>>> print(open('run34.cif').read())   # mmCIF, C-alpha atoms (C1' of nucleotides)
data_entry
#
loop_
_atom_site.group_PDB
_atom_site.id
_atom_site.type_symbol
_atom_site.label_atom_id
_atom_site.label_comp_id
_atom_site.auth_asym_id
_atom_site.auth_seq_id
_atom_site.Cartn_x
_atom_site.Cartn_y
_atom_site.Cartn_z
ATOM 1 C CA MET W 1 -15.083 31.577 -37.193
ATOM 2 C CA THR W 2 -13.942 28.144 -36.072
ATOM 3 C CA THR W 3 -15.766 25.242 -37.648
ATOM 4 C CA GLN W 4 -16.466 22.315 -35.300
ATOM 5 C CA LEU W 5 -18.327 19.823 -37.427
ATOM 6 C CA GLU W 6 -16.451 16.677 -36.393
ATOM 7 C CA PRO W 7 -15.494 16.037 -32.757
ATOM 8 C CA ASP W 8 -12.020 14.805 -33.714
ATOM 9 C CA ILE W 9 -10.149 16.906 -36.157
ATOM 10 C CA CYS W 10 -7.268 14.486 -36.486
ATOM 11 C CA GLU W 11 -8.414 11.018 -37.456
ATOM 12 C CA ASP W 12 -5.179 9.152 -36.834
ATOM 13 C CA VAL W 13 -4.792 9.470 -33.068
ATOM 14 C CA CYS W 14 -5.202 6.227 -31.182
ATOM 15 C CA ILE W 15 -7.156 7.899 -28.414
ATOM 16 C CA HIS W 16 -10.893 7.341 -28.150
ATOM 17 C CA GLU W 17 -11.567 10.971 -27.435
ATOM 18 C CA GLN W 18 -15.188 10.953 -26.450
ATOM 19 C CA LEU W 19 -14.797 7.831 -24.324
ATOM 20 C CA VAL W 20 -11.871 9.453 -22.561
ATOM 21 C CA GLU W 21 -13.978 12.537 -21.887
ATOM 22 C CA LYS W 22 -16.789 10.417 -20.489
ATOM 23 C CA VAL W 23 -14.395 8.479 -18.251
ATOM 24 C CA LYS W 24 -12.789 11.681 -17.019
ATOM 25 C CA LYS W 25 -16.171 13.039 -16.005
ATOM 26 C CA GLU W 26 -17.037 9.893 -14.109
ATOM 27 C CA LEU W 27 -13.818 9.911 -12.078
ATOM 28 C CA PRO W 28 -14.210 10.788 -8.391
ATOM 29 C CA ARG W 29 -12.542 13.973 -7.221
ATOM 30 C CA ALA W 30 -8.759 13.716 -6.999
ATOM 31 C CA GLU W 31 -8.828 14.349 -3.278
ATOM 32 C CA GLN W 32 -11.151 11.423 -2.712
ATOM 33 C CA MET W 33 -9.042 9.115 -4.835
ATOM 34 C CA MET W 34 -6.060 10.230 -2.826
ATOM 35 C CA GLU W 35 -7.816 9.362 0.422
ATOM 36 C CA LEU W 36 -8.835 6.026 -1.030
ATOM 37 C CA SER W 37 -5.310 5.153 -2.081
ATOM 38 C CA ASN W 38 -4.073 6.192 1.353
ATOM 39 C CA LEU W 39 -6.617 3.918 2.987
ATOM 40 C CA PHE W 40 -5.489 0.961 0.899
ATOM 41 C CA LYS W 41 -1.870 1.869 1.488
ATOM 42 C CA ALA W 42 -2.469 1.711 5.226
ATOM 43 C CA LEU W 43 -3.978 -1.754 4.782
ATOM 44 C CA GLY W 44 -1.193 -2.861 2.478
ATOM 45 C CA ASP W 45 1.380 -4.142 4.914
ATOM 46 C CA PHE W 46 1.818 -7.602 6.383
ATOM 47 C CA THR W 47 2.312 -6.429 9.952
ATOM 48 C CA ARG W 48 -0.671 -4.102 9.836
ATOM 49 C CA ILE W 49 -2.901 -6.750 8.295
ATOM 50 C CA ARG W 50 -1.937 -9.137 11.067
ATOM 51 C CA ILE W 51 -2.771 -6.479 13.635
ATOM 52 C CA LEU W 52 -6.152 -5.922 12.033
ATOM 53 C CA GLU W 53 -6.937 -9.609 11.718
ATOM 54 C CA ALA W 54 -6.122 -9.950 15.399
ATOM 55 C CA LEU W 55 -8.366 -7.016 16.302
ATOM 56 C CA LEU W 56 -11.099 -8.642 14.237
ATOM 57 C CA SER W 57 -11.177 -11.271 16.985
ATOM 58 C CA SER W 58 -10.990 -8.988 19.966
ATOM 59 C CA GLU W 59 -9.988 -5.682 21.403
ATOM 60 C CA LEU W 60 -6.355 -6.041 22.511
ATOM 61 C CA CYS W 61 -3.762 -4.059 24.391
ATOM 62 C CA VAL W 62 -0.371 -3.360 22.871
ATOM 63 C CA CYS W 63 1.457 -6.078 24.753
ATOM 64 C CA ASP W 64 -1.160 -8.602 23.644
ATOM 65 C CA LEU W 65 -0.463 -7.603 20.072
ATOM 66 C CA VAL W 66 3.267 -7.865 20.666
ATOM 67 C CA SER W 67 2.677 -11.403 21.867
ATOM 68 C CA VAL W 68 0.323 -12.357 19.031
ATOM 69 C CA LEU W 69 2.628 -10.990 16.351
ATOM 70 C CA ASP W 70 5.857 -11.999 18.063
ATOM 71 C CA MET W 71 7.457 -8.671 17.222
ATOM 72 C CA ASN W 72 9.179 -6.052 19.328
ATOM 73 C CA GLN W 73 7.016 -3.474 20.998
ATOM 74 C CA SER W 74 8.423 -0.499 19.177
ATOM 75 C CA ALA W 75 7.624 -1.927 15.767
ATOM 76 C CA VAL W 76 4.073 -2.676 16.821
ATOM 77 C CA SER W 77 3.585 0.790 18.257
ATOM 78 C CA HIS W 78 4.870 2.382 15.076
ATOM 79 C CA GLN W 79 2.408 0.401 12.980
ATOM 80 C CA LEU W 80 -0.425 1.196 15.371
ATOM 81 C CA ARG W 81 0.405 4.824 14.834
ATOM 82 C CA VAL W 82 -0.074 4.404 11.085
ATOM 83 C CA LEU W 83 -3.409 2.704 11.666
ATOM 84 C CA ARG W 84 -4.511 5.381 14.107
ATOM 85 C CA SER W 85 -3.622 8.237 11.795
ATOM 86 C CA SER W 86 -5.628 6.578 9.032
ATOM 87 C CA LYS W 87 -8.565 6.214 11.436
ATOM 88 C CA ILE W 88 -8.586 2.477 10.933
ATOM 89 C CA VAL W 89 -8.278 1.674 14.616
ATOM 90 C CA LYS W 90 -9.361 3.466 17.750
ATOM 91 C CA PHE W 91 -7.996 3.092 21.257
ATOM 92 C CA ARG W 92 -8.816 3.645 24.872
ATOM 93 C CA LYS W 93 -6.448 3.995 27.796
ATOM 94 C CA GLU W 94 -6.919 2.055 30.979
ATOM 95 C CA GLY W 95 -4.236 2.487 33.563
ATOM 96 C CA LYS W 96 -0.898 1.672 32.035
ATOM 97 C CA ASN W 97 -2.494 -0.183 29.147
ATOM 98 C CA VAL W 98 -3.834 1.044 25.831
ATOM 99 C CA TYR W 99 -6.512 -1.073 24.215
ATOM 100 C CA TYR W 100 -6.921 -1.000 20.466
ATOM 101 C CA SER W 101 -9.912 -2.029 18.380
ATOM 102 C CA LEU W 102 -11.192 -1.576 14.834
ATOM 103 C CA ASP W 103 -12.618 1.859 14.261
ATOM 104 C CA ASP W 104 -15.877 0.825 12.642
ATOM 105 C CA ASN W 105 -17.281 -2.120 10.780
ATOM 106 C CA HIS W 106 -16.693 -0.626 7.362
ATOM 107 C CA ILE W 107 -13.122 -1.622 7.999
ATOM 108 C CA SER W 108 -13.896 -5.184 9.000
ATOM 109 C CA GLN W 109 -16.093 -5.552 5.924
ATOM 110 C CA LEU W 110 -13.253 -4.326 3.719
ATOM 111 C CA ILE W 111 -10.805 -6.737 5.269
ATOM 112 C CA ASN W 112 -13.177 -9.665 5.098
ATOM 113 C CA GLN W 113 -14.065 -8.934 1.519
ATOM 114 C CA GLY W 114 -10.404 -8.676 0.639
ATOM 115 C CA LEU W 115 -9.732 -11.967 2.353
ATOM 116 C CA ASN W 116 -12.582 -13.597 0.480
ATOM 117 C CA HIS W 117 -11.092 -12.399 -2.766
ATOM 118 C CA VAL W 118 -7.763 -13.896 -1.812
ATOM 119 C CA LEU W 119 -9.346 -17.183 -0.775
ATOM 120 C CA GLU W 120 -11.570 -17.528 -3.826
ATOM 121 C CA SER W 121 -9.056 -16.492 -6.446
ATOM 122 C CA ARG W 122 -6.945 -19.618 -6.114
ATOM 123 C CA MET X 1 2.970 -34.644 37.258
ATOM 124 C CA THR X 2 2.446 -31.043 36.193
ATOM 125 C CA THR X 3 -0.321 -29.253 38.033
ATOM 126 C CA GLN X 4 -2.357 -26.914 35.831
ATOM 127 C CA LEU X 5 -4.958 -25.484 38.135
ATOM 128 C CA GLU X 6 -4.718 -21.880 37.009
ATOM 129 C CA PRO X 7 -4.293 -20.955 33.330
ATOM 130 C CA ASP X 8 -1.693 -18.250 34.046
ATOM 131 C CA ILE X 9 1.042 -19.177 36.429
ATOM 132 C CA CYS X 10 2.439 -15.699 36.632
ATOM 133 C CA GLU X 11 -0.164 -13.201 37.687
ATOM 134 C CA ASP X 12 1.771 -10.045 37.044
ATOM 135 C CA VAL X 13 2.278 -10.205 33.296
ATOM 136 C CA CYS X 14 0.328 -7.645 31.358
ATOM 137 C CA ILE X 15 -0.537 -10.173 28.689
ATOM 138 C CA HIS X 16 -4.000 -11.704 28.615
ATOM 139 C CA GLU X 17 -2.651 -15.153 27.906
ATOM 140 C CA GLN X 18 -5.762 -17.094 27.088
ATOM 141 C CA LEU X 19 -7.190 -14.285 24.971
ATOM 142 C CA VAL X 20 -3.917 -14.115 23.067
ATOM 143 C CA GLU X 21 -4.078 -17.860 22.448
ATOM 144 C CA LYS X 22 -7.641 -17.606 21.196
ATOM 145 C CA VAL X 23 -6.758 -14.726 18.879
ATOM 146 C CA LYS X 24 -3.743 -16.590 17.534
ATOM 147 C CA LYS X 25 -5.909 -19.555 16.653
ATOM 148 C CA GLU X 26 -8.408 -17.398 14.838
ATOM 149 C CA LEU X 27 -5.790 -15.723 12.657
ATOM 150 C CA PRO X 28 -5.817 -16.739 8.988
ATOM 151 C CA ARG X 29 -2.764 -18.544 7.691
ATOM 152 C CA ALA X 30 0.281 -16.310 7.294
ATOM 153 C CA GLU X 31 0.387 -16.928 3.563
ATOM 154 C CA GLN X 32 -3.152 -15.701 3.154
ATOM 155 C CA MET X 33 -2.513 -12.597 5.202
ATOM 156 C CA MET X 34 0.518 -11.990 3.037
ATOM 157 C CA GLU X 35 -1.572 -12.225 -0.106
ATOM 158 C CA LEU X 36 -4.151 -9.935 1.420
ATOM 159 C CA SER X 37 -1.594 -7.297 2.327
ATOM 160 C CA ASN X 38 -0.150 -7.560 -1.170
ATOM 161 C CA LEU X 39 -3.587 -7.021 -2.664
ATOM 162 C CA PHE X 40 -4.127 -3.887 -0.601
ATOM 163 C CA LYS X 41 -0.609 -2.731 -1.356
ATOM 164 C CA ALA X 42 -1.352 -2.957 -5.058
ATOM 165 C CA LEU X 43 -4.463 -0.836 -4.507
ATOM 166 C CA GLY X 44 -2.612 1.620 -2.317
ATOM 167 C CA ASP X 45 -1.233 4.038 -4.844
ATOM 168 C CA PHE X 46 -2.766 7.190 -6.280
ATOM 169 C CA THR X 47 -1.898 6.423 -9.887
ATOM 170 C CA ARG X 48 -3.161 2.860 -9.671
ATOM 171 C CA ILE X 49 -6.397 3.922 -7.996
ATOM 172 C CA ARG X 50 -6.986 6.423 -10.769
ATOM 173 C CA ILE X 51 -6.367 3.706 -13.331
ATOM 174 C CA LEU X 52 -8.849 1.444 -11.586
ATOM 175 C CA GLU X 53 -11.476 4.135 -11.184
ATOM 176 C CA ALA X 54 -11.143 4.818 -14.896
ATOM 177 C CA LEU X 55 -11.492 1.132 -15.739
ATOM 178 C CA LEU X 56 -14.574 1.061 -13.534
ATOM 179 C CA SER X 57 -16.190 3.189 -16.222
ATOM 180 C CA SER X 58 -14.934 1.349 -19.264
ATOM 181 C CA GLU X 59 -12.356 -0.919 -20.802
ATOM 182 C CA LEU X 60 -9.569 1.338 -22.062
ATOM 183 C CA CYS X 61 -6.417 1.035 -24.086
ATOM 184 C CA VAL X 62 -3.096 2.276 -22.721
ATOM 185 C CA CYS X 63 -3.097 5.524 -24.637
ATOM 186 C CA ASP X 64 -6.607 6.264 -23.375
ATOM 187 C CA LEU X 65 -5.330 5.830 -19.850
ATOM 188 C CA VAL X 66 -2.364 8.052 -20.614
ATOM 189 C CA SER X 67 -4.809 10.698 -21.720
ATOM 190 C CA VAL X 68 -7.172 10.271 -18.771
ATOM 191 C CA LEU X 69 -4.375 10.400 -16.218
ATOM 192 C CA ASP X 70 -2.269 12.953 -18.039
ATOM 193 C CA MET X 71 0.887 11.001 -17.351
ATOM 194 C CA ASN X 72 3.632 9.720 -19.578
ATOM 195 C CA GLN X 73 3.108 6.359 -21.209
ATOM 196 C CA SER X 74 5.984 4.602 -19.509
ATOM 197 C CA ALA X 75 4.740 5.411 -16.032
ATOM 198 C CA VAL X 76 1.279 4.131 -16.901
ATOM 199 C CA SER X 77 2.662 0.916 -18.361
ATOM 200 C CA HIS X 78 4.747 0.301 -15.271
ATOM 201 C CA GLN X 79 1.721 0.667 -13.031
ATOM 202 C CA LEU X 80 -0.363 -1.535 -15.304
ATOM 203 C CA ARG X 81 2.309 -4.142 -14.855
ATOM 204 C CA VAL X 82 1.849 -4.016 -11.094
ATOM 205 C CA LEU X 83 -1.904 -4.368 -11.478
ATOM 206 C CA ARG X 84 -1.501 -7.238 -13.923
ATOM 207 C CA SER X 85 0.876 -9.162 -11.710
ATOM 208 C CA SER X 86 -1.577 -8.812 -8.823
ATOM 209 C CA LYS X 87 -4.357 -10.098 -11.101
ATOM 210 C CA ILE X 88 -6.354 -6.952 -10.528
ATOM 211 C CA VAL X 89 -6.678 -6.141 -14.214
ATOM 212 C CA LYS X 90 -6.785 -8.266 -17.326
ATOM 213 C CA PHE X 91 -6.007 -7.249 -20.900
ATOM 214 C CA ARG X 92 -6.569 -8.188 -24.505
ATOM 215 C CA LYS X 93 -4.503 -7.223 -27.525
ATOM 216 C CA GLU X 94 -6.092 -5.857 -30.670
ATOM 217 C CA GLY X 95 -3.674 -4.826 -33.373
ATOM 218 C CA LYS X 96 -1.269 -2.304 -31.960
ATOM 219 C CA ASN X 97 -3.480 -1.590 -28.973
ATOM 220 C CA VAL X 98 -3.799 -3.316 -25.622
ATOM 221 C CA TYR X 99 -7.111 -2.965 -23.842
ATOM 222 C CA TYR X 100 -7.255 -3.202 -20.072
ATOM 223 C CA SER X 101 -10.225 -3.941 -17.838
ATOM 224 C CA LEU X 102 -10.889 -4.963 -14.257
ATOM 225 C CA ASP X 103 -10.228 -8.623 -13.676
ATOM 226 C CA ASP X 104 -13.453 -9.477 -11.873
ATOM 227 C CA ASN X 105 -16.120 -7.711 -9.917
ATOM 228 C CA HIS X 106 -14.682 -8.624 -6.548
ATOM 229 C CA ILE X 107 -12.234 -5.875 -7.328
ATOM 230 C CA SER X 108 -14.838 -3.291 -8.252
ATOM 231 C CA GLN X 109 -16.744 -4.131 -5.072
ATOM 232 C CA LEU X 110 -13.610 -3.621 -3.009
ATOM 233 C CA ILE X 111 -12.898 -0.286 -4.633
ATOM 234 C CA ASN X 112 -16.468 0.923 -4.313
ATOM 235 C CA GLN X 113 -16.662 -0.132 -0.710
ATOM 236 C CA GLY X 114 -13.396 1.631 0.012
ATOM 237 C CA LEU X 115 -14.668 4.751 -1.690
ATOM 238 C CA ASN X 116 -17.876 4.614 0.322
ATOM 239 C CA HIS X 117 -15.837 4.436 3.494
ATOM 240 C CA VAL X 118 -13.870 7.479 2.412
ATOM 241 C CA LEU X 119 -17.015 9.396 1.485
ATOM 242 C CA GLU X 120 -18.937 8.528 4.638
ATOM 243 C CA SER X 121 -16.142 9.041 7.121
ATOM 244 C CA ARG X 122 -16.083 12.815 6.721
ATOM 245 C "C1'" DA I 1 11.964 -3.117 -46.764
ATOM 246 C "C1'" DA I 2 11.328 0.977 -44.298
ATOM 247 C "C1'" DT I 3 8.766 3.844 -41.315
ATOM 248 C "C1'" DA I 4 5.547 4.929 -37.787
ATOM 249 C "C1'" DC I 5 2.974 3.784 -33.939
ATOM 250 C "C1'" DG I 6 1.465 1.563 -29.412
ATOM 251 C "C1'" DC I 7 3.179 -0.523 -25.686
ATOM 252 C "C1'" DA I 8 6.673 -2.799 -22.596
ATOM 253 C "C1'" DT I 9 10.855 -2.831 -20.059
ATOM 254 C "C1'" DG I 10 15.611 -2.043 -17.929
ATOM 255 C "C1'" DA I 11 18.438 1.269 -15.576
ATOM 256 C "C1'" DA I 12 18.874 5.212 -12.746
ATOM 257 C "C1'" DT I 13 17.312 8.117 -9.189
ATOM 258 C "C1'" DA I 14 14.750 10.421 -5.673
ATOM 259 C "C1'" DG I 15 11.476 9.663 -2.369
ATOM 260 C "C1'" DT I 16 9.120 6.639 0.896
ATOM 261 C "C1'" DT I 17 8.638 2.979 4.327
ATOM 262 C "C1'" DG I 18 9.469 -0.636 8.047
ATOM 263 C "C1'" DT I 19 12.342 -2.039 11.588
ATOM 264 C "C1'" DT I 20 15.652 -1.410 15.308
ATOM 265 C "C1'" DC I 21 17.791 1.039 18.992
ATOM 266 C "C1'" DA I 22 17.711 4.346 22.402
ATOM 267 C "C1'" DT I 23 15.062 7.126 25.042
ATOM 268 C "C1'" DA I 24 10.955 9.720 26.650
ATOM 269 C "C1'" DT I 25 6.375 9.871 28.876
ATOM 270 C "C1'" DA I 26 2.833 8.359 31.837
ATOM 271 C "C1'" DT I 27 0.839 5.480 35.197
ATOM 272 C "C1'" DT I 28 1.149 2.456 39.132
ATOM 273 C "C1'" DA I 29 3.542 0.331 43.104
ATOM 274 C "C1'" DA I 30 6.730 0.441 46.832
ATOM 275 C "C1'" DT C 1 10.343 9.900 45.907
ATOM 276 C "C1'" DT C 2 11.975 6.012 43.610
ATOM 277 C "C1'" DA C 3 11.421 2.111 40.815
ATOM 278 C "C1'" DA C 4 8.966 -0.581 37.554
ATOM 279 C "C1'" DT C 5 5.953 -1.195 33.763
ATOM 280 C "C1'" DA C 6 3.284 -0.078 29.359
ATOM 281 C "C1'" DT C 7 3.456 2.546 25.556
ATOM 282 C "C1'" DA C 8 5.109 6.192 22.330
ATOM 283 C "C1'" DT C 9 8.491 8.439 19.627
ATOM 284 C "C1'" DG C 10 12.786 10.283 17.222
ATOM 285 C "C1'" DA C 11 16.822 9.017 14.635
ATOM 286 C "C1'" DA C 12 19.216 5.968 11.641
ATOM 287 C "C1'" DC C 13 19.466 2.688 8.112
ATOM 288 C "C1'" DA C 14 18.301 -0.696 4.781
ATOM 289 C "C1'" DA C 15 14.859 -2.022 1.637
ATOM 290 C "C1'" DC C 16 11.459 -0.854 -1.458
ATOM 291 C "C1'" DT C 17 8.781 2.099 -4.886
ATOM 292 C "C1'" DA C 18 7.288 5.443 -8.484
ATOM 293 C "C1'" DT C 19 8.747 8.106 -12.072
ATOM 294 C "C1'" DT C 20 11.703 9.359 -16.011
ATOM 295 C "C1'" DC C 21 14.628 8.395 -19.837
ATOM 296 C "C1'" DA C 22 16.180 5.555 -23.320
ATOM 297 C "C1'" DT C 23 15.321 1.846 -25.961
ATOM 298 C "C1'" DG C 24 13.302 -2.554 -27.519
ATOM 299 C "C1'" DC C 25 9.600 -5.256 -29.585
ATOM 300 C "C1'" DG C 26 5.627 -6.224 -32.307
ATOM 301 C "C1'" DT C 27 2.108 -4.648 -35.578
ATOM 302 C "C1'" DA C 28 0.395 -1.892 -39.230
ATOM 303 C "C1'" DT C 29 1.143 1.169 -43.165
ATOM 304 C "C1'" DT C 30 3.528 2.765 -47.174
#
>>> encode(input="run34.cif", output="C-alpha cells")
Amino acid sequence: MTTQLEPDICEDVCIHEQLVEKVKKELPRAEQMMELSNLFKALGDFTRIRILEALLSSELCVCDLVSVLDMNQSAVSHQLRVLRSSKIVKFRKEGKNVYYSLDDNHISQLINQGLNHVLESR
Amino acid sequence: MTTQLEPDICEDVCIHEQLVEKVKKELPRAEQMMELSNLFKALGDFTRIRILEALLSSELCVCDLVSVLDMNQSAVSHQLRVLRSSKIVKFRKEGKNVYYSLDDNHISQLINQGLNHVLESR
DNA sequence: AATACGCATGAATAGTTGTTCATATATTAA
DNA sequence: TTAATATATGAACAACTATTCATGCGTATT
C-alpha cells in the first residue's frame, strides 16, 4: 500500500538522511563509546596526568608520588584509586609500601601521542 | 664545608630520594601537562565521544549530529563549543548550515587508539 | 519587510568531581 | 602488646560540568 519511491518524503528538512543513516551504522556500540569516554575522563585531570607522566619514568611507591607531586598523601591516594579502577595503573605491595606502575604500554602510547599532539599543535 | 658522602642523609625515610629527583627532572613542563589533561578532559565525555566518532565517518552539519545523537540541538551546540575551543574540531559555514569535522588526524589517531585499548582490554 | 530556519549562547539547575580532614587498616619495629 | 609508618577511605564542601529552556543572531525565502 505504501509507496516508497523517494528515500526522503519531505524535501525541506536540513538533515542529510542517508548520510546520517550511514554514520549511525558506523558508530561503535554505545557501551564501547562509554568505556572510551570513561578512559579519557580518567586521563583528563592534571593531577592524574602528572602521576602517569611520573610513572612513565619509573615504578614508584605512594610516598614517592607524594614527593614528586608535592601534594598531600590523601589526595594522591584518591587519584590513584581512580586510575586503578580504570585499569590504567597496576600496583604491587611490598611490606608497608605499595608500588604503582602503568598497566600496559597501550596507556603509555596514548599519553605520549597526546603529548605529541600538544607539543606539535603550537 | 658540607660533606656529601651519602646521597640520603636520613636513612629511614620511605622516599627514594634520588629516584624522585630523576623522575622530577623527566617530567614535562607543568603547562604542557596541563594542556594534555585538558585535551583528555575534552575527550572524556560520552556525548563528545559520540560526536567525534560520528565525525570520524564524515563531515556533518549540526542538525545531522542532532539526528545521529538523538539529542536536542542546544546540548549538541554546547558540546561542539567545547570541542572547538579545544581545537579538536573545525567548522565551515555554508548558508544557514555549519559543517563540523575533525581538526587533524592526530585526533582521529588518538580516538582510534583509545578505542583499540577499550576493545582489546576485555 | 516579514517569516522561517539553523545554529549559538546565557541562565538555571542537578549532578559530578577534586581536595581536605579525620580516621581506619595493615605492616613492621620496639 | 604498643608504637610508628605507609596507605586507603569516608564524609564534607567547594568548584566544575552537562543538560534544558528561552532567546538571540544571521541567512534564506516569500
>>> closest_residue(input="run34.cif", among="I:DA14, I:DA29, I:DA2, I:DC7", to="DC25 (chain C)", atoms="only C-alpha atoms (C1' of nucleotides)")
I:DC7
>>> residues_around(input="run34.cif", residues="DA30 (chain I)", least_positions_apart="2", cutoff="10 Å", atoms="only C-alpha atoms (C1' of nucleotides)", output="PDB file with C-alpha atoms (C1' of nucleotides), in the coordinates of the input")
ATOM      1  C1'  DT I  28       1.149   2.456  39.132  1.00  0.00           C
TER       2       DT I  28
ATOM      3  C1'  DT C   2      11.975   6.012  43.610  1.00  0.00           C
ATOM      4  C1'  DA C   3      11.421   2.111  40.815  1.00  0.00           C
ATOM      5  C1'  DA C   4       8.966  -0.581  37.554  1.00  0.00           C
TER       6       DA C   4
END
>>> resolve_selection(input="run34.cif", expression="the PyMOL selection byres ((chain C) within 9 of (chain W))", output="list in words")
DT5, DA6, DT7, DA8 and DT9 of chain C
>>> resolve_selection(input="run34.cif", expression="the PyMOL selection byres ((chain W) within 12 of (chain I))", output="PyMOL selection string")
chain W and resi 12-15+41-42+44-48+71-79+82+93-98
>>> atom_distance(input="run34.cif", atom1="CA of Asn116 (chain X)", atom2="CA of Val23 (chain W)")
19.3 Å
>>> atom_distance(input="run34.cif", atom1="CA of Val89 (chain X)", atom2="CA of Ser101 (chain X)")
5.5 Å
>>> decode(input="run34.cif", residues="chain I", atoms="C-alpha atoms (C1' of nucleotides)", output="short mmCIF file (atom, residue, chain, number, x, y, z; two decimals), in the first residue's frame")
data_model
loop_
_atom_site.label_atom_id
_atom_site.label_comp_id
_atom_site.auth_asym_id
_atom_site.auth_seq_id
_atom_site.Cartn_x
_atom_site.Cartn_y
_atom_site.Cartn_z
"C1'" DA I 1 9.66 43.65 5.30
"C1'" DA I 2 8.24 39.53 7.36
"C1'" DT I 3 8.78 34.78 8.28
"C1'" DA I 4 11.18 30.55 8.83
"C1'" DC I 5 15.15 28.04 9.67
"C1'" DG I 6 19.86 26.61 11.52
"C1'" DC I 7 22.77 27.45 14.99
"C1'" DA I 8 24.76 29.79 19.17
"C1'" DT I 9 24.52 31.34 23.80
"C1'" DG I 10 23.23 32.89 28.67
"C1'" DA I 11 20.96 31.49 32.84
"C1'" DA I 12 19.43 27.98 35.85
"C1'" DT I 13 19.85 23.58 37.86
"C1'" DA I 14 21.09 18.98 39.07
"C1'" DG I 15 24.75 16.01 39.11
"C1'" DT I 16 29.70 15.11 39.34
"C1'" DT I 17 34.47 15.73 40.85
"C1'" DG I 18 38.85 17.02 43.45
"C1'" DT I 19 40.69 18.22 47.69
"C1'" DT I 20 40.96 18.28 52.70
"C1'" DC I 21 40.32 16.45 57.21
"C1'" DA I 22 39.78 12.78 60.19
"C1'" DT I 23 40.23 8.18 60.78
"C1'" DA I 24 40.82 3.23 59.62
"C1'" DT I 25 43.73 -0.69 58.17
"C1'" DA I 26 47.87 -3.18 57.65
"C1'" DT I 27 52.62 -3.98 58.22
"C1'" DT I 28 56.89 -3.50 60.73
"C1'" DA I 29 59.68 -2.32 64.83
"C1'" DA I 30 60.39 -1.99 69.68
#
